[in-house]
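One structure below.
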There are 2 protein chains.
Amino acid sequence: LKNISILGAGSWGTAIAILLNNNGHKVTLWSIDKEQINTILTNRENKGFLNDVKIPEEIEVTNDNESAIIDKDILVIAVPSKVVRSVCELFKSYIKPNQVIVNLSKGFEDESLLRLSEVIKEVYPQNKFVALTGPSHAEEVSCNLPTTCVSSSSNLEDANYIQDIFMNHTFRVYTNTDLVGVEVGGALKNVVALAAGISDGMGFGDNAKAALMTRGLSEIAHLGVAMGADSNTFNGLTGIGDLIVTCTSMHSRNRRAGILIGKGKTLKEALDEVKMVVEGVSNSKAAYELSKKYNVNMPIVESIYKVLFEDYSAHLAVNNLMTREKKSEKAIEKNMLDGI
Amino acid sequence: LKNISILGAGSWGTAIAILLNNNGHKVTLWSIDKEQINTILTNRENKGFLNDVKIPEEIEVTNDNESAIIDKDILVIAVPSKVVRSVCELFKSYIKPNQVIVNLSKGFEDESLLRLSEVIKEVYPQNKFVALTGPSHAEEVSCNLPTTCVSSSSNLEDANYIQDIFMNHTFRVYTNTDLVGVEVGGALKNVVALAAGISDGMGFGDNAKAALMTRGLSEIAHLGVAMGADSNTFNGLTGIGDLIVTCTSMHSRNRRAGILIGKGKTLKEALDEVKMVVEGVSNSKAAYELSKKYNVNMPIVESIYKVLFEDYSAHLAVNNLMTREKKSEKAIEKNMLDGI
């Protein structure tokens with residue numbers, strides 16, 4: 001049994017803290033927000049993030065940076081992708097090389113376009129690193145509803161170690177050593193969710209949405225392969241699995257923002273209305289920039305980018321996508337395997 | 001422009017008749033049911049199958065077997081999978097070798113476990129054959145909502161020919177020469193839809209359903225590869241695309257039957273309540289028998305089979321699936337490519 005700290009007390013961090021406590025580990029839940037920590041300590045509930053879920057007394061809850069880190073075997077990063085680097089910097093003076101880092105965040109760093117494992121490696125170059133991702137709403141995990149995830153590291157032993165720590169009879173963990181594929185799929189599925197929302201908002205149906213998801217995933221896989229990923233990863237839980245959960249859920253902010261844009265609102269109006277962080281917007285920008293950097297043809301990503309940032313009409317974008325030159329499905333997939 | 005007959009006037013046959021008429025072809029819609037034909041002739045609407053959709057006057061509607069076949073360039077088969085062979089036999093004396101057959105039906109023949117293209121080839125050995133399949137609710141196609149499909153034939157020229165006939169600015173057709181993969185994916189997605197329904201009926205969430213769909217598709221792909229398919233086909237519109245439409249639609253009979261079973265009804269009770277043909281039930285049997293024949297490990301298919309036909313508890317089945325030995329995602333996908 002291990003000493004584990006969860007760095008970040010959003011809904012996912014909280015659900016994972018409860019899961020690891022159920023598995024018998026000694027768990028600490030840290031947040032930068034002192035007020036939030038005090039509220040959790042008072043109510044043993046993380047209101048606004050994971051309502052009506054009891055946080056067991058055995059879970060230590062803290063705002064103190066040092067005590068969150070010292071004597072811990074495993075540090076789980078569960079903060080928004082935009083602050084992953086700054087949160088890592090915050091703990092730099094306490095970290096020891098033998099502590100294993102598990103990252104739950106998904107995305108690319110703005111401007112540098114680095115994957116989050118690369119960002120974390122820059123700050124903690126000596127630590128073992130594992131990403132844990134998959135189709136997993138926090139609300140369902142906290143109620144012990146059956147869920148699957150993937151423990152991913154370029155080093156299989158490290159992935160196996162984290163698989164053992166997290167797995168139980170309702171939380172099934174697979175391993176995958178294709179860290180690039182796992183990270184690219186997790187970050188870019190939000191772009192497709194945004195596109196699916198726009199399609200719904202325009203009044204299109206299930207046929208159009210299924211086509212967008214299928215062809216969107218194919219684009220993501222093209223890019224991933226160009227970045228060094230294994231194309232099979234995109235057919236797995238962190239690819240199509242996570243995409244399905246995100247595109248069909250009523251709770252997805254990306255989908256909700258997309259619906260508003262599909263109904264004719266501007267990006268700014270849509271974001272003002274959704275209020276929370278819509279990761280798909282910055283992901284769309286990153287995806288578009290990566291497609292240029294790696295010279296990969298991504299018509300759906302390009303359309304979303306134009307609709308979001310260049311005031312392009314969503315109706316014209318759909319029309320362009322439907323009337324491109326005739327294609328063979330197979331030729332496209334073949335290209336994917338060739339890395340184009 | 002071609003003379004085309006649609007053999008079968010269900011919702012999908014009717015929607016395709018309207019699509020081809022819009023594309024400028026001379027279309028005939030045939031049904032074995034004389035009363036249905038008379039009702040369509042009177043109302044120019046196919047009530048009970050495609051409500052509130054006008055059937056244009058230019059579409060010839062007939063119950064006559066001979067006039068449905070003679071002088072036609074293309075014959076489109078759009079009947080339930082169980083009657084594909086008998087309907088083909090019905091027209092055998094009129095058919096000419098230069099007529100191209102397009103099949104819209106999905107499934108395997110009971111007992112023989114033949115794919116439908118093999119069944120049709122046995123009856124019409126000289127004719128060119130193309131399967132047209134993909135994520136396509138008839139209701140949406142008849143309203144010109146954006147839809148994608150795949151024209152599949154072992155002969156690319158034949159697939160291209162049918163792509164040209166069907167494609168328009170809201171109906172985008174890809175080609176794929178992997179006929180085995182296209183047929184296996186189209187038939188077996190209903191098994192996964194049934195499983196997804198059972199999961200919903202048991203009160204499980206989106207995480208469980210996404211896992212079932214992802215791992216279910218992986219099983220289907222394993223089997224398909226053992227049967228000679230290209231694994232990439234299962235990542236395409238006829239694989240994951242069609243699976244998404246079926247598993248997330250409220251209209252799917254397979255999902256509805258599954259929900260009832262998940263809530264504790266027997267198969268017979270569920271089928272009595274749904275009333276219509278639930279293709280996933282016979283598909284589950286075929287999938288199970290094919291997994292034995294080709295010696296492919298299909299834990300989800302086996303569980304569904306036991307729940308449907310051997311009174312096995314759905315709760316136990318889920319528990320078994322979640323607590324199997326720990327696995328690597330990648331190893332499984334690698335096996336898939338090895339044809340295991």
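Please note that chains go A, B, ... in the order of the structure tokens, that every chain numbers its residues from 1, and that ligands are numbered from 1 in the order shown.
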
What are the closest atom pairs, with distances in Å to one decimal, for all residues of chain B lying within 7 Å of chain A? Consider only C-alpha atoms, order rows by chain and residue number, and present the result as CSV.
```
residue,atom,partner,partner_atom,distance
B:Pro135,CA,A:Asn207,CA,5.4
B:Ser136,CA,A:Asn207,CA,5.3
B:His137,CA,A:Asn207,CA,6.5
B:Glu140,CA,A:Gly205,CA,6.6
B:Leu145,CA,A:Phe204,CA,6.1
B:Pro146,CA,A:Ala208,CA,5.3
B:Thr147,CA,A:Asn207,CA,5.2
B:Thr148,CA,A:Ala211,CA,6.2
B:His169,CA,A:Thr323,CA,5.6
B:Thr170,CA,A:Met322,CA,6.4
B:Arg172,CA,A:Met322,CA,6.0
B:Tyr174,CA,A:Ser328,CA,5.1
B:Thr175,CA,A:Ser328,CA,4.4
B:Asn176,CA,A:Lys330,CA,5.5
B:Phe204,CA,A:Leu145,CA,6.1
B:Gly205,CA,A:Glu140,CA,6.6
B:Asp206,CA,A:Val245,CA,6.1
B:Asn207,CA,A:Thr147,CA,5.2
B:Ala208,CA,A:Pro146,CA,5.3
B:Ala210,CA,A:Gly241,CA,5.2
B:Ala211,CA,A:Gly241,CA,6.2
B:Thr214,CA,A:Gly241,CA,5.4
B:Asn232,CA,A:Glu333,CA,6.4
B:Asn235,CA,A:Asn235,CA,6.8
B:Gly236,CA,A:Thr214,CA,6.2
B:Leu237,CA,A:Thr214,CA,6.2
B:Ile240,CA,A:Thr214,CA,6.7
B:Gly241,CA,A:Ala210,CA,5.2
B:Ile244,CA,A:Ala210,CA,6.1
B:Val245,CA,A:Ala210,CA,6.0
B:Met322,CA,A:Arg172,CA,6.0
B:Thr323,CA,A:His169,CA,5.6
B:Lys326,CA,A:Tyr174,CA,6.7
B:Lys327,CA,A:Tyr174,CA,5.3
B:Ser328,CA,A:Thr175,CA,4.3
B:Glu329,CA,A:Asn176,CA,5.5
B:Lys330,CA,A:Asn176,CA,5.5
B:Glu333,CA,A:Asn232,CA,6.4
```

Exercise. Can you list, as a ChimeraX atom specification, all residues belonging to segment 79-316 of chain B that DSSP tags as alpha helix (DSSP H)?
Key: /B:84-90,116-123,138-142,156-166,179-201,206-226,242-248,253-262,267-274,279-293,299-309,314-316

Quiz prompt | Residue list (strand (DSSP E), DSSP) for segment 114-212 of chain A, as JSON, numbers by chain | solution = {"A": [129, 130, 131, 132, 133, 147, 148, 149, 150, 151, 152, 171, 172, 173, 174, 175, 176]}

Would you save the residues from that selection as an mmCIF file, in the first residue's frame, using N, CA, C and O atoms?
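Here's the written file selection.cif:
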```cif
data_model
loop_
_atom_site.group_PDB
_atom_site.id
_atom_site.type_symbol
_atom_site.label_atom_id
_atom_site.label_comp_id
_atom_site.auth_asym_id
_atom_site.auth_seq_id
_atom_site.Cartn_x
_atom_site.Cartn_y
_atom_site.Cartn_z
ATOM 1 N N PHE A 129 7.187 8.486 -15.217
ATOM 2 C CA PHE A 129 5.961 9.166 -15.635
ATOM 3 C C PHE A 129 4.959 8.186 -16.243
ATOM 4 O O PHE A 129 5.310 7.370 -17.105
ATOM 5 N N VAL A 130 3.706 8.298 -15.814
ATOM 6 C CA VAL A 130 2.608 7.493 -16.370
ATOM 7 C C VAL A 130 1.407 8.404 -16.608
ATOM 8 O O VAL A 130 1.086 9.242 -15.758
ATOM 9 N N ALA A 131 0.738 8.253 -17.760
ATOM 10 C CA ALA A 131 -0.525 8.963 -18.004
ATOM 11 C C ALA A 131 -1.673 7.984 -17.778
ATOM 12 O O ALA A 131 -1.592 6.822 -18.181
ATOM 13 N N LEU A 132 -2.728 8.450 -17.125
ATOM 14 C CA LEU A 132 -3.914 7.612 -16.921
ATOM 15 C C LEU A 132 -5.094 8.309 -17.577
ATOM 16 O O LEU A 132 -5.453 9.429 -17.197
ATOM 17 N N THR A 133 -5.679 7.666 -18.586
ATOM 18 C CA THR A 133 -6.740 8.328 -19.350
ATOM 19 C C THR A 133 -7.682 7.278 -19.935
ATOM 20 O O THR A 133 -7.369 6.084 -19.966
ATOM 21 N N THR A 147 -16.067 1.095 -15.104
ATOM 22 C CA THR A 147 -15.281 2.051 -15.892
ATOM 23 C C THR A 147 -13.970 1.394 -16.314
ATOM 24 O O THR A 147 -13.427 0.576 -15.578
ATOM 25 N N THR A 148 -13.497 1.763 -17.514
ATOM 26 C CA THR A 148 -12.192 1.282 -17.966
ATOM 27 C C THR A 148 -11.268 2.462 -18.248
ATOM 28 O O THR A 148 -11.729 3.529 -18.659
ATOM 29 N N CYS A 149 -9.979 2.275 -18.025
ATOM 30 C CA CYS A 149 -8.986 3.308 -18.270
ATOM 31 C C CYS A 149 -7.712 2.664 -18.791
ATOM 32 O O CYS A 149 -7.590 1.433 -18.799
ATOM 33 N N VAL A 150 -6.775 3.516 -19.218
ATOM 34 C CA VAL A 150 -5.496 3.024 -19.725
ATOM 35 C C VAL A 150 -4.358 3.677 -18.957
ATOM 36 O O VAL A 150 -4.320 4.898 -18.792
ATOM 37 N N SER A 151 -3.457 2.852 -18.463
ATOM 38 C CA SER A 151 -2.236 3.307 -17.805
ATOM 39 C C SER A 151 -1.132 3.286 -18.856
ATOM 40 O O SER A 151 -0.784 2.227 -19.371
ATOM 41 N N SER A 152 -0.595 4.459 -19.185
ATOM 42 C CA SER A 152 0.316 4.526 -20.325
ATOM 43 C C SER A 152 1.654 5.133 -19.957
ATOM 44 O O SER A 152 1.724 6.192 -19.335
ATOM 45 N N PHE A 171 -13.193 -0.798 -11.652
ATOM 46 C CA PHE A 171 -12.328 0.122 -12.404
ATOM 47 C C PHE A 171 -11.236 -0.719 -13.061
ATOM 48 O O PHE A 171 -10.269 -1.114 -12.418
ATOM 49 N N ARG A 172 -11.439 -1.038 -14.335
ATOM 50 C CA ARG A 172 -10.547 -1.952 -15.036
ATOM 51 C C ARG A 172 -9.501 -1.155 -15.800
ATOM 52 O O ARG A 172 -9.821 -0.279 -16.588
ATOM 53 N N VAL A 173 -8.240 -1.459 -15.565
ATOM 54 C CA VAL A 173 -7.147 -0.687 -16.171
ATOM 55 C C VAL A 173 -6.361 -1.552 -17.152
ATOM 56 O O VAL A 173 -5.924 -2.652 -16.802
ATOM 57 N N TYR A 174 -6.230 -1.070 -18.369
ATOM 58 C CA TYR A 174 -5.362 -1.698 -19.364
ATOM 59 C C TYR A 174 -4.044 -0.919 -19.404
ATOM 60 O O TYR A 174 -3.998 0.229 -18.976
ATOM 61 N N THR A 175 -3.003 -1.536 -19.926
ATOM 62 C CA THR A 175 -1.751 -0.789 -20.131
ATOM 63 C C THR A 175 -1.537 -0.545 -21.625
ATOM 64 O O THR A 175 -2.100 -1.241 -22.473
ATOM 65 N N ASN A 176 -0.755 0.485 -21.928
ATOM 66 C CA ASN A 176 -0.390 0.775 -23.315
ATOM 67 C C ASN A 176 0.913 1.573 -23.290
ATOM 68 O O ASN A 176 1.003 2.583 -22.583
#
```

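Using only C-alpha atoms, the shortest contact distance between Ser282 of chain A and any of A:Ser112, A:Ser31, A:Thr266, A:Asn190 is found at A:Asn190.
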
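Between atom CA of Glu302 of chain A and atom CA of Glu289 of chain A the interatomic distance comes to 9.6 Å.
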
Quiz item: Between A:Lys128, A:Lys54, A:His222, A:Lys189, which has the minimum distance to Ser291 of chain A (counting only C-alpha atoms)?
Solution: A:His222

Exercise. Write out as number ranges by chain which residues come within 12 Å of Phe309 of chain B when counting only C-alpha atoms, dropping same-chain ones fewer than 6 positions away.
Key: B: 261, 266-268, 281-282, 284-285, 288, 301-303

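Put simply, atom CA of Phe91 of chain B is 17.1 Å away from atom CA of Leu104 of chain B.
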
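Those residues that approach segment 44-51 of chain A to within 10 Å, counting only C-alpha atoms, are Ala9, Gly10, Ser11, Trp12, Gly13, Thr14, Ala15, Gln36, Ile37, Asn38, Thr39, Pro56, Glu57, Ile59, Val61, Ala138, Glu139 and Ser142 of chain A; same-chain residues fewer than 5 positions away are not listed.
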
Store the residues picked out above in a file with all heavy atoms, as a short mmCIF file (atom, residue, chain, number, x, y, z; two decimals), in the first residue's frame.
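What landed in selection.cif:
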```cif
data_model
loop_
_atom_site.label_atom_id
_atom_site.label_comp_id
_atom_site.auth_asym_id
_atom_site.auth_seq_id
_atom_site.Cartn_x
_atom_site.Cartn_y
_atom_site.Cartn_z
N ALA A 9 -8.06 19.36 -6.87
CA ALA A 9 -9.28 18.81 -6.27
C ALA A 9 -10.51 19.18 -7.09
O ALA A 9 -11.53 19.60 -6.56
CB ALA A 9 -9.42 19.27 -4.82
N GLY A 10 -10.40 19.03 -8.42
CA GLY A 10 -11.60 19.14 -9.26
C GLY A 10 -12.40 17.86 -9.13
O GLY A 10 -12.14 17.03 -8.25
N SER A 11 -13.37 17.66 -10.04
CA SER A 11 -14.21 16.47 -9.91
C SER A 11 -13.42 15.18 -10.16
O SER A 11 -13.57 14.20 -9.45
CB SER A 11 -15.42 16.56 -10.85
OG SER A 11 -15.00 16.82 -12.16
N TRP A 12 -12.52 15.20 -11.14
CA TRP A 12 -11.78 13.99 -11.48
C TRP A 12 -10.76 13.65 -10.39
O TRP A 12 -10.64 12.51 -9.95
CB TRP A 12 -11.15 14.14 -12.86
CG TRP A 12 -10.56 12.90 -13.49
CD1 TRP A 12 -9.44 12.86 -14.26
CD2 TRP A 12 -11.05 11.55 -13.42
NE1 TRP A 12 -9.20 11.57 -14.67
CE2 TRP A 12 -10.17 10.74 -14.17
CE3 TRP A 12 -12.13 10.93 -12.79
CZ2 TRP A 12 -10.32 9.37 -14.32
CZ3 TRP A 12 -12.29 9.55 -12.93
CH2 TRP A 12 -11.40 8.79 -13.69
N GLY A 13 -10.02 14.66 -9.90
CA GLY A 13 -9.06 14.44 -8.82
C GLY A 13 -9.75 13.88 -7.59
O GLY A 13 -9.24 12.94 -6.94
N THR A 14 -10.92 14.42 -7.27
CA THR A 14 -11.65 13.95 -6.09
C THR A 14 -12.12 12.51 -6.26
O THR A 14 -11.99 11.68 -5.35
CB THR A 14 -12.87 14.87 -5.84
OG1 THR A 14 -12.41 16.23 -5.80
CG2 THR A 14 -13.56 14.53 -4.54
N ALA A 15 -12.64 12.19 -7.46
CA ALA A 15 -13.10 10.82 -7.71
C ALA A 15 -11.95 9.83 -7.60
O ALA A 15 -12.09 8.73 -7.05
CB ALA A 15 -13.76 10.73 -9.09
N GLN A 36 -11.57 26.33 -0.75
CA GLN A 36 -12.14 25.03 -1.15
C GLN A 36 -11.76 23.93 -0.16
O GLN A 36 -12.59 23.12 0.24
CB GLN A 36 -11.63 24.67 -2.57
CG GLN A 36 -12.26 23.39 -3.12
CD GLN A 36 -11.53 22.86 -4.35
OE1 GLN A 36 -10.44 23.29 -4.68
NE2 GLN A 36 -12.18 21.93 -5.04
N ILE A 37 -10.48 23.94 0.26
CA ILE A 37 -10.00 22.94 1.21
C ILE A 37 -10.76 23.04 2.54
O ILE A 37 -11.20 22.03 3.10
CB ILE A 37 -8.47 23.10 1.43
CG1 ILE A 37 -7.71 22.71 0.16
CG2 ILE A 37 -7.99 22.29 2.63
CD1 ILE A 37 -7.87 21.27 -0.26
N ASN A 38 -10.96 24.27 3.00
CA ASN A 38 -11.69 24.45 4.26
C ASN A 38 -13.13 23.94 4.14
O ASN A 38 -13.66 23.32 5.06
CB ASN A 38 -11.69 25.92 4.68
CG ASN A 38 -10.32 26.34 5.20
OD1 ASN A 38 -9.55 25.48 5.68
ND2 ASN A 38 -9.99 27.61 5.11
N THR A 39 -13.76 24.21 2.99
CA THR A 39 -15.14 23.74 2.78
C THR A 39 -15.19 22.22 2.77
O THR A 39 -16.08 21.61 3.36
CB THR A 39 -15.69 24.28 1.44
OG1 THR A 39 -15.39 25.68 1.35
CG2 THR A 39 -17.19 24.08 1.34
N PRO A 56 -14.31 10.27 2.22
CA PRO A 56 -14.04 9.52 3.46
C PRO A 56 -13.05 10.25 4.37
O PRO A 56 -12.13 10.95 3.89
CB PRO A 56 -13.44 8.19 2.95
CG PRO A 56 -13.93 8.07 1.54
CD PRO A 56 -14.03 9.47 1.01
N GLU A 57 -13.23 10.07 5.68
CA GLU A 57 -12.39 10.73 6.68
C GLU A 57 -10.92 10.35 6.53
O GLU A 57 -10.03 11.12 6.90
CB GLU A 57 -12.85 10.33 8.10
CG GLU A 57 -14.26 10.78 8.48
CD GLU A 57 -14.35 12.29 8.68
OE1 GLU A 57 -13.30 12.95 8.88
OE2 GLU A 57 -15.48 12.82 8.60
N ILE A 59 -9.15 10.20 3.97
CA ILE A 59 -8.44 11.03 2.98
C ILE A 59 -8.01 12.33 3.65
O ILE A 59 -8.84 13.10 4.13
CB ILE A 59 -9.32 11.32 1.75
CG1 ILE A 59 -9.64 10.01 1.01
CG2 ILE A 59 -8.65 12.31 0.81
CD1 ILE A 59 -10.54 10.18 -0.20
N VAL A 61 -6.89 16.07 3.59
CA VAL A 61 -7.17 17.17 2.66
C VAL A 61 -6.31 18.35 3.08
O VAL A 61 -6.30 18.73 4.26
CB VAL A 61 -8.67 17.55 2.71
CG1 VAL A 61 -8.99 18.63 1.70
CG2 VAL A 61 -9.53 16.31 2.45
N ALA A 138 -16.15 11.44 -14.00
CA ALA A 138 -15.84 11.38 -12.57
C ALA A 138 -17.07 10.97 -11.75
O ALA A 138 -16.97 10.19 -10.80
CB ALA A 138 -15.35 12.75 -12.10
N GLU A 139 -18.23 11.51 -12.12
CA GLU A 139 -19.46 11.24 -11.37
C GLU A 139 -19.72 9.73 -11.30
O GLU A 139 -20.15 9.21 -10.28
CB GLU A 139 -20.66 11.93 -12.05
CG GLU A 139 -20.61 13.45 -12.05
CD GLU A 139 -19.64 14.04 -13.07
OE1 GLU A 139 -19.09 13.28 -13.90
OE2 GLU A 139 -19.40 15.26 -13.01
N SER A 142 -17.04 7.85 -9.08
CA SER A 142 -17.25 8.05 -7.63
C SER A 142 -18.41 7.21 -7.10
O SER A 142 -18.52 6.99 -5.90
CB SER A 142 -17.48 9.53 -7.34
OG SER A 142 -18.71 9.96 -7.89
#
```

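The coordinates place atom CA of Gly216 of chain A at 25.1 Å from atom CA of Glu269 of chain A.
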
Self-check item: 8 Å contact set for segment 93-99 of chain A, only C-alpha atoms, chain neighbours under 4 positions out, as a PyMOL selection string
Solution: chain A and resi 66+69-70+72-75+126-128

Practice problem: Extract, using only C-alpha atoms, all DNA, RNA and protein residues at most 7 Å from Ile259 of chain B, discarding same-chain residues fewer than 6 positions from it, and format them as a ChimeraX atom specification. | Solution: /B:197-198,200-201
